[in-house]
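Here is the structure we will look at.
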4 protein chains.
Amino acid sequence: MTETRRMKALVLNRPGDIAINEVPDPGEPGPGEVRVRVGAVGICGSDVHYYEHGRIGDFVVEAPMVLGHETAGVVEAVGAGVSGLSPGDRVAMEPGVPCDECEVCQSGRYNLCANVRFWATPPVHGSLAEYVVHPARFSYRLTDSMSLEEGALMEPLAVGVHACNRAGVKPGDTVAIVGAGTIGCVTLLAAKAFGAEQVFVSDVVTERLARAESLGATQVVDARSESLAEVVMDATGGRGVDVGFDCSGAPGAPGILLEAAARAGRVVLIGMGAQPVTVDTVAAMVKEADVFGVFRYANAYPKAIELVANGSIDVAPLITDRYRFADAVSAFEFARTPRPDTCKIMIGLE
Amino acid sequence: MTETRRMKALVLNRPGDIAINEVPDPGEPGPGEVRVRVGAVGICGSDVHYYEHGRIGDFVVEAPMVLGHETAGVVEAVGAGVSGLSPGDRVAMEPGVPCDECEVCQSGRYNLCANVRFWATPPVHGSLAEYVVHPARFSYRLTDSMSLEEGALMEPLAVGVHACNRAGVKPGDTVAIVGAGTIGCVTLLAAKAFGAEQVFVSDVVTERLARAESLGATQVVDARSESLAEVVMDATGGRGVDVGFDCSGAPGAPGILLEAAARAGRVVLIGMGAQPVTVDTVAAMVKEADVFGVFRYANAYPKAIELVANGSIDVAPLITDRYRFADAVSAFEFARTPRPDTCKIMIGLE
Amino acid sequence: MTETRRMKALVLNRPGDIAINEVPDPGEPGPGEVRVRVGAVGICGSDVHYYEHGRIGDFVVEAPMVLGHETAGVVEAVGAGVSGLSPGDRVAMEPGVPCDECEVCQSGRYNLCANVRFWATPPVHGSLAEYVVHPARFSYRLTDSMSLEEGALMEPLAVGVHACNRAGVKPGDTVAIVGAGTIGCVTLLAAKAFGAEQVFVSDVVTERLARAESLGATQVVDARSESLAEVVMDATGGRGVDVGFDCSGAPGAPGILLEAAARAGRVVLIGMGAQPVTVDTVAAMVKEADVFGVFRYANAYPKAIELVANGSIDVAPLITDRYRFADAVSAFEFARTPRPDTCKIMIGLE
Amino acid sequence: MTETRRMKALVLNRPGDIAINEVPDPGEPGPGEVRVRVGAVGICGSDVHYYEHGRIGDFVVEAPMVLGHETAGVVEAVGAGVSGLSPGDRVAMEPGVPCDECEVCQSGRYNLCANVRFWATPPVHGSLAEYVVHPARFSYRLTDSMSLEEGALMEPLAVGVHACNRAGVKPGDTVAIVGAGTIGCVTLLAAKAFGAEQVFVSDVVTERLARAESLGATQVVDARSESLAEVVMDATGGRGVDVGFDCSGAPGAPGILLEAAARAGRVVLIGMGAQPVTVDTVAAMVKEADVFGVFRYANAYPKAIELVANGSIDVAPLITDRYRFADAVSAFEFARTPRPDTCKIMIGLE
């Protein structure tokens, strides 16, 4: 019987308590689904946050839950009606499955679906396990040139691609990014791939600024000693940037980006902060700046994969730390207090 | 000599000191210009603000300045090269003349021009005078069915039309408006003309709510005792509004409108507040709400006139108080402490 | 057993041969589905075309097929997981069910889904039957003020709404429509609801022009004796229309509408013609006109229903001929050679 | 007196008759203008067409006219009020000066201005002369890294940039281009800079296909022996291209590109043909393809310059033939019957 099959998974039992446990194997794929042997899973800030606090906003972990949602693996079996994938195919997996039926789903903005089932968002189990079963349509084949680690990185990169889509980044645009963590870095990479010419990146960690520079930032700003808005205005002759991205969630970031924005500029909020934000809206209005919220991504995985496959984007340098699945608990321990130069921690299951 | 001609105008000499004075007549129209005998001028909040405080933000009145910028009148003479207007034509006048040369001008968003010359914004004289000379292209012919008072109201209505354009209001949209002053009312009228079906309007003045209702609001909310966001969510089954407009400038308004917004909703900021705004951006991001700043208007006068000419919008009820030009000082005195039911104060020069 | 239940339906056995036959009852609704007792079905040109020719393009009727797809009825039972509908609810039914999985489905343009199952498009049975089972999400509740006949008319009206969405019709726009059949009429109604001010409609049938006028066309053009483009240019002082809709499929229509378009205007092709179209593209290019193809609709039913529910649109006058279900064969006979003033033929099943 | 100054210019006296003549020097720059010593002028197909036929459509050469409009040079003097340019600055010059006053000008689409004055479009003289006087705002400073020849190439490149803007080319898009002349090449370069991944280019000249390949086309199609639409569909697994550009003006091109387009794809018409085009619109409609006309460009020069300055685009390989100004007549002679591998013919005035 299927129910008796077991597999290993990294389970969050309660805040602060994780372990590799035996959990039910997901079994055979149903119609339209694939069964995937998981090969690489990146650790996201939200995983660490659930580990430490057991909740994010209204999402509370009330029962043991498998963590992980940045995932790539190898197709082991395909369900009825699946035509585009075969066993052996290597895939990046989009972790959210929307309802397909509500207003936002039907209009193409399925990331806003109130009924989405998203890996490692309670009460839905995540993917840091030996096997997952998932809709084939959210499992995207990787090119031969891409590793499974790169496949797992398609999840954060999809955030950057979606943000650039929302902002309408165009070739020659000038861009400012607050925050050079993983999301700041993927946004930087995506913005460059969308043609951004000048990209200013600010952070308060020296090592992160160095990484941003190595990834293509044309100017980095140490926010401990410099004002991003002033640097931008100096460098652009008072014009400002076409697009600003907040990848920090810091309360002051939206205001700084509105100050740095050009007339008719756009500001995109990606990083979620714990505190309310205080903004001088008059400045924004006089410029008719647009502010766009970003939540995850929709229709972004295929572009993210193409951009890596064709060499426009190199995500590999984002991986700074690697752990084997057997050491996943150590990986999470490390993730709580990483080095200053830590970017993405990747867990390999192969 | 032209310079010796004089005319009467309402001059702000210093904060708190206005008078009808003799000032130089603007003379004959140059190429592309028209000379207009002013017929009706509405008093705007900014006029009153300059009267009381002598400044708005960085714009400081440092020399006597003619007030007024909501203007309609009769063409008296046309300059060289003017083909679309003739003496006797009645026109509504767009008060800002952009530079035509900068990046935003060339891209069609001339309202953001840093070099715009806008009536009654220091150091540019306003239109509350017997005559003005103005570019013909910013002087729009009224239909025979429209009065000069209605013509003067095209200025605030252009704000509402521009805001609806920015928000992309479509037939059937659900809308919420904070603030039922003049700008709240023109936004309400414009939104209805754009096809908005349900329109919620909140204010803290009973008489303003009554006016909003008479102008087509489907539900009014007394913000002293009710929560707009709760009313909206109750009435829409938890969906929220497609578009929210802040016409109040109140610090809490953007947050309320983000709370009331549907997923993928839009919030437009029109009212400028004196204080910074505090917002829970996470709520906005989870919905991927867009926030659009609005500053005056561009390319909106022709549509505003058409909507009134074809009967889609009736602006006449906005005029609650009328003064003759000779009593303009009294009009401004009244405007400082109006009745609760005062909306637009109109000064007639004919 | 479910399979033994039978119901009556209008079946196309082969080209030219239709009859009310007994066919299998669709049975109980599955998860997410509703069972609906059909109340009203409009006859569409495509139904008549299948009746006469047995095919439209690549879609060939190879087995007996139930006709009809413009449908409203009363919910009789709801399947598991259906929360928004209950037995007794009256609904308009969107006839196409997309796959939800392909690129266009996920991006919100599900009308372009290559795997859509659309009523009365071979090999999918239509709705001109006593009962249908259909996804609840494509069954939209009607307000109490709307009749089932009006509900059936939501299908063609959705085409008009979608076309206006594609064209971005805005208040005050000037519009030209070629063809005043049912699609021309719903496009006219939708354009007026979107705020179109001047609407020119051309046709070659006097009675159709009279109907267009009664529905709100501001100027009708008898294409047998007048040139639409010339009339438009005369009436608009040489400016042209913001948007042109071809609802005729006539080979000359796109060219006429490009000629009648303003600079930066848009032309929307709705009517499908049998023959290739010959166009002077240089004229279009000098104006930078956009040409948008339209195929059915997506995300349009809710708006269509709202616009009728709130009184913006009155579709009832489109129904010119009514038949009882028992006389459906006669209705189709009549539809082959209708009167000049025939618009929509409606079949009542109650 | 200014009027007595003379300079040399290439003058079209009548069809087939050109010569370097003495013509009036344009004199000193007026307010907002610059006087530029011309350094490089590219020969455009329209120049050759006027030379051979004396007309293009409704534009008829009725008096001797200076040819040339693809221009770069060195600022010699600046008029009153010019702040962004100084003598010695090297500039690329946008050849059309719109009226700034009409509806399309004010809305940012100034390329559609009916009153535009465009170099070498009768009756306006062109720029193939020692000096020109031109608005400073249409004279864009080149970076030190750019040559004047590259500056002159900003004119055709602006067409490619504008076309990609109109089409909304995004990273990862698949693109097809019909025609590999100069415009096909700049469109290819722009599309790559906008992030296009796969770019198919078809032509009927072997040498042009070779150039397209060297410029980054991922697949070239010899239209004499292969079908572009079939090649595209084979290579994309039946999906088709996101965007197709016709840079040929061939009557069959729009139809081919509609056939090659993906569902919801876009086709942009850049090349102007002499003959009407015959299209199967049904195919376009079923896909809801959008067709965009393109006429010259607006707001595109700054982006074009940035893309070359930052190395995203290398235009230098487009220049295949160089002539000194003294040999300009020979250059035009050659342009009438160029080699198969001729792309851009550049005339140097330094």
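Each chain of the structure tokens is named A, B, ... in the order shown, its residues numbered from 1; ligands are numbered from 1 in display order.
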
Margin query: I want to know what sits within 9 Å of Gly30 (chain A), based on only C-alpha atoms, with residues of the same chain fewer than 5 positions away left out; could you give that as a ChimeraX atom specification?
Written below: /A:35,78-80,133-135

Note to self: Among region 82-285 of chain D, which ones does DSSP assign to strand (DSSP E or B) (computed from the backbone)? Answer as number ranges by chain.
What the structure shows: D: 90-93, 96-97, 117-118, 129, 131-135, 139-141, 174-178, 198-203, 219-222, 241-246, 261-269, 277-279

Next item on the list: Output as a list of chain:residue names the set of chain A residues within 6 Å of chain D, with distances taken over only C-alpha atoms.
Entry: A:Pro171, A:Gly172, A:Phe194, A:Lys303, A:Glu306

Checklist line | Sel. of helix (DSSP H, G or I) residues, region 134-225 of chain A, as a ChimeraX atom specification | finding: /A:136-138,148-167,182-193,206-214

Export, as a compact mmCIF listing (two decimals), in the first residue's frame, the selected residues with N, CA and C atoms.
```txt
# COMPACT_ATOMS: atom_id res chain seq x y z
N ALA A 136 2.60 18.95 -13.16
CA ALA A 136 3.59 19.02 -14.23
C ALA A 136 3.73 20.45 -14.75
N ARG A 137 2.63 21.18 -14.79
CA ARG A 137 2.69 22.52 -15.37
C ARG A 137 3.53 23.48 -14.53
N PHE A 138 3.76 23.15 -13.27
CA PHE A 138 4.62 23.98 -12.44
C PHE A 138 6.01 23.35 -12.25
N LEU A 148 21.19 21.31 -11.13
CA LEU A 148 20.02 21.31 -10.24
C LEU A 148 20.10 22.45 -9.24
N GLU A 149 21.30 22.77 -8.80
CA GLU A 149 21.43 23.94 -7.92
C GLU A 149 20.92 25.21 -8.59
N GLU A 150 21.31 25.37 -9.83
CA GLU A 150 20.78 26.53 -10.56
C GLU A 150 19.25 26.43 -10.68
N GLY A 151 18.78 25.22 -10.87
CA GLY A 151 17.33 25.02 -10.94
C GLY A 151 16.64 25.48 -9.67
N ALA A 152 17.22 25.14 -8.53
CA ALA A 152 16.62 25.57 -7.26
C ALA A 152 16.64 27.09 -7.13
N LEU A 153 17.63 27.71 -7.74
CA LEU A 153 17.73 29.18 -7.66
C LEU A 153 16.73 29.88 -8.57
N MET A 154 16.04 29.13 -9.40
CA MET A 154 15.01 29.76 -10.24
C MET A 154 13.90 30.36 -9.38
N GLU A 155 13.74 29.83 -8.16
CA GLU A 155 12.69 30.40 -7.29
C GLU A 155 13.01 31.84 -6.92
N PRO A 156 14.14 32.13 -6.29
CA PRO A 156 14.40 33.55 -6.03
C PRO A 156 14.55 34.37 -7.31
N LEU A 157 15.14 33.78 -8.35
CA LEU A 157 15.29 34.57 -9.57
C LEU A 157 13.92 34.95 -10.15
N ALA A 158 12.94 34.06 -9.99
CA ALA A 158 11.59 34.39 -10.47
C ALA A 158 11.06 35.64 -9.79
N VAL A 159 11.43 35.85 -8.54
CA VAL A 159 11.03 37.07 -7.84
C VAL A 159 11.62 38.29 -8.54
N GLY A 160 12.90 38.20 -8.88
CA GLY A 160 13.55 39.32 -9.55
C GLY A 160 12.95 39.59 -10.93
N VAL A 161 12.68 38.53 -11.67
CA VAL A 161 12.09 38.68 -13.00
C VAL A 161 10.70 39.30 -12.91
N HIS A 162 9.92 38.80 -11.95
CA HIS A 162 8.56 39.32 -11.78
C HIS A 162 8.61 40.80 -11.40
N ALA A 163 9.53 41.15 -10.52
CA ALA A 163 9.64 42.55 -10.10
C ALA A 163 9.99 43.44 -11.28
N CYS A 164 10.90 42.97 -12.13
CA CYS A 164 11.27 43.76 -13.32
C CYS A 164 10.11 43.84 -14.30
N ASN A 165 9.34 42.78 -14.41
CA ASN A 165 8.15 42.83 -15.25
C ASN A 165 7.16 43.86 -14.72
N ARG A 166 6.92 43.83 -13.42
CA ARG A 166 5.97 44.77 -12.81
C ARG A 166 6.43 46.20 -13.04
N ALA A 167 7.75 46.42 -12.93
CA ALA A 167 8.28 47.78 -13.06
C ALA A 167 8.45 48.19 -14.51
N THR A 182 20.01 37.98 -0.94
CA THR A 182 19.67 37.14 -2.09
C THR A 182 18.69 37.83 -3.02
N ILE A 183 17.64 38.42 -2.46
CA ILE A 183 16.62 39.05 -3.32
C ILE A 183 17.19 40.29 -4.00
N GLY A 184 17.98 41.05 -3.29
CA GLY A 184 18.64 42.18 -3.94
C GLY A 184 19.52 41.73 -5.09
N CYS A 185 20.22 40.61 -4.89
CA CYS A 185 21.11 40.10 -5.94
C CYS A 185 20.34 39.59 -7.15
N VAL A 186 19.27 38.83 -6.94
CA VAL A 186 18.52 38.34 -8.10
C VAL A 186 17.83 39.49 -8.82
N THR A 187 17.41 40.50 -8.08
CA THR A 187 16.80 41.67 -8.72
C THR A 187 17.84 42.41 -9.54
N LEU A 188 19.04 42.53 -9.00
CA LEU A 188 20.14 43.14 -9.76
C LEU A 188 20.40 42.36 -11.04
N LEU A 189 20.50 41.04 -10.93
CA LEU A 189 20.76 40.21 -12.12
C LEU A 189 19.63 40.35 -13.13
N ALA A 190 18.41 40.32 -12.64
CA ALA A 190 17.27 40.43 -13.56
C ALA A 190 17.26 41.81 -14.22
N ALA A 191 17.49 42.85 -13.44
CA ALA A 191 17.46 44.21 -13.99
C ALA A 191 18.52 44.37 -15.08
N LYS A 192 19.71 43.82 -14.83
CA LYS A 192 20.75 43.88 -15.86
C LYS A 192 20.29 43.13 -17.12
N ALA A 193 19.67 41.97 -16.92
CA ALA A 193 19.21 41.20 -18.07
C ALA A 193 18.09 41.93 -18.82
N THR A 206 29.50 45.28 4.19
CA THR A 206 30.57 45.44 3.21
C THR A 206 30.62 44.27 2.24
N GLU A 207 30.52 43.06 2.76
CA GLU A 207 30.65 41.88 1.91
C GLU A 207 29.51 41.81 0.89
N ARG A 208 28.35 42.23 1.29
CA ARG A 208 27.23 42.22 0.35
C ARG A 208 27.45 43.24 -0.77
N LEU A 209 27.97 44.38 -0.42
CA LEU A 209 28.24 45.39 -1.44
C LEU A 209 29.28 44.88 -2.43
N ALA A 210 30.26 44.16 -1.90
CA ALA A 210 31.28 43.60 -2.80
C ALA A 210 30.64 42.61 -3.77
N ARG A 211 29.74 41.79 -3.24
CA ARG A 211 29.07 40.83 -4.13
C ARG A 211 28.26 41.56 -5.19
N ALA A 212 27.51 42.56 -4.78
CA ALA A 212 26.70 43.32 -5.74
C ALA A 212 27.59 43.87 -6.86
N GLU A 213 28.73 44.36 -6.47
CA GLU A 213 29.64 44.92 -7.46
C GLU A 213 30.09 43.82 -8.42
N SER A 214 30.41 42.66 -7.87
CA SER A 214 30.89 41.58 -8.73
C SER A 214 29.77 41.06 -9.65
```

Item checked: For region 7-19 of chain D: contacts at 9 Å, only C-alpha atoms, fewer than 3 positions along chain excluded, given as number ranges by chain -> D: 22-26, 50-55, 61-68, 125-131, 325, 328-329, 332

Keeping only N, CA and C atoms, write those residues as a CSV table (one decimal), in the first residue's frame.
```csv
chain,number,residue,atom,x,y,z
D,22,GLU,N,26.4,75.6,-53.8
D,22,GLU,CA,26.5,76.6,-52.8
D,22,GLU,C,25.0,77.0,-52.4
D,23,VAL,N,24.8,77.0,-51.1
D,23,VAL,CA,23.4,77.4,-50.7
D,23,VAL,C,23.6,78.3,-49.5
D,24,PRO,N,22.6,79.0,-49.1
D,24,PRO,CA,22.7,79.9,-47.9
D,24,PRO,C,23.1,79.2,-46.7
D,25,ASP,N,24.1,79.7,-46.0
D,25,ASP,CA,24.4,79.2,-44.7
D,25,ASP,C,23.3,79.5,-43.7
D,26,PRO,N,23.0,78.5,-42.8
D,26,PRO,CA,21.9,78.7,-41.9
D,26,PRO,C,22.1,79.8,-40.9
D,50,TYR,N,14.0,59.8,-53.2
D,50,TYR,CA,13.8,61.2,-53.7
D,50,TYR,C,14.7,61.5,-54.9
D,51,TYR,N,16.0,61.0,-54.8
D,51,TYR,CA,16.9,61.2,-55.9
D,51,TYR,C,16.4,60.6,-57.2
D,52,GLU,N,15.9,59.4,-57.1
D,52,GLU,CA,15.5,58.7,-58.3
D,52,GLU,C,14.1,59.2,-58.8
D,53,HIS,N,13.2,59.4,-57.9
D,53,HIS,CA,11.8,59.6,-58.3
D,53,HIS,C,11.2,61.0,-57.9
D,54,GLY,N,11.9,61.7,-57.1
D,54,GLY,CA,11.5,63.1,-56.8
D,54,GLY,C,10.3,63.1,-55.9
D,55,ARG,N,9.8,62.0,-55.4
D,55,ARG,CA,8.7,62.0,-54.5
D,55,ARG,C,8.6,60.7,-53.7
D,61,VAL,N,9.0,66.7,-54.4
D,61,VAL,CA,10.1,67.7,-54.4
D,61,VAL,C,9.8,68.7,-55.5
D,62,GLU,N,9.4,69.9,-55.2
D,62,GLU,CA,9.0,70.9,-56.2
D,62,GLU,C,10.1,72.0,-56.3
D,63,ALA,N,11.1,72.0,-55.5
D,63,ALA,CA,12.1,73.0,-55.6
D,63,ALA,C,13.4,72.3,-55.2
D,64,PRO,N,14.6,72.8,-55.6
D,64,PRO,CA,15.8,72.2,-55.1
D,64,PRO,C,15.8,72.0,-53.6
D,65,MET,N,16.3,70.8,-53.2
D,65,MET,CA,16.2,70.5,-51.8
D,65,MET,C,17.5,69.8,-51.4
D,66,VAL,N,18.1,70.2,-50.2
D,66,VAL,CA,19.2,69.5,-49.7
D,66,VAL,C,18.8,68.1,-49.2
D,67,LEU,N,19.6,67.1,-49.5
D,67,LEU,CA,19.2,65.7,-49.0
D,67,LEU,C,19.9,65.4,-47.7
D,68,GLY,N,19.6,64.3,-47.1
D,68,GLY,CA,20.3,63.8,-45.9
D,68,GLY,C,19.5,64.1,-44.7
D,125,HIS,N,14.7,71.4,-46.2
D,125,HIS,CA,16.0,71.0,-46.5
D,125,HIS,C,16.6,70.0,-45.6
D,126,GLY,N,17.5,69.1,-46.1
D,126,GLY,CA,18.2,68.1,-45.3
D,126,GLY,C,19.5,68.6,-44.7
D,127,SER,N,20.3,67.7,-44.2
D,127,SER,CA,21.4,68.0,-43.4
D,127,SER,C,22.8,67.7,-44.1
D,128,LEU,N,22.7,67.2,-45.3
D,128,LEU,CA,24.0,66.9,-46.0
D,128,LEU,C,24.6,68.2,-46.5
D,129,ALA,N,25.1,68.9,-45.6
D,129,ALA,CA,25.6,70.3,-45.8
D,129,ALA,C,26.7,70.6,-44.8
D,130,GLU,N,27.4,71.6,-44.9
D,130,GLU,CA,28.5,71.9,-44.0
D,130,GLU,C,28.0,72.3,-42.6
D,131,TYR,N,26.8,73.0,-42.6
D,131,TYR,CA,26.3,73.4,-41.3
D,131,TYR,C,24.8,73.2,-41.2
D,325,PHE,N,32.6,63.9,-48.5
D,325,PHE,CA,31.6,64.8,-48.9
D,325,PHE,C,31.8,65.2,-50.3
D,328,ALA,N,30.1,63.0,-52.7
D,328,ALA,CA,28.7,62.6,-52.3
D,328,ALA,C,27.9,62.2,-53.5
D,329,VAL,N,28.1,62.9,-54.7
D,329,VAL,CA,27.3,62.5,-55.9
D,329,VAL,C,27.7,61.0,-56.2
D,332,PHE,N,25.8,58.6,-54.0
D,332,PHE,CA,24.4,58.4,-54.3
D,332,PHE,C,24.3,57.6,-55.6
```

Note to self: So that I can see what lies close to region 107-119 of chain B, please list as a ChimeraX atom specification the residues with an atom at most 10 Å from it, counting only C-alpha atoms and leaving out residues fewer than 6 positions away in the same chain.
What the structure shows: /A:263-264,285-288 /B:65-71,94-101,125-128,294-299 /D:103-110,298-299
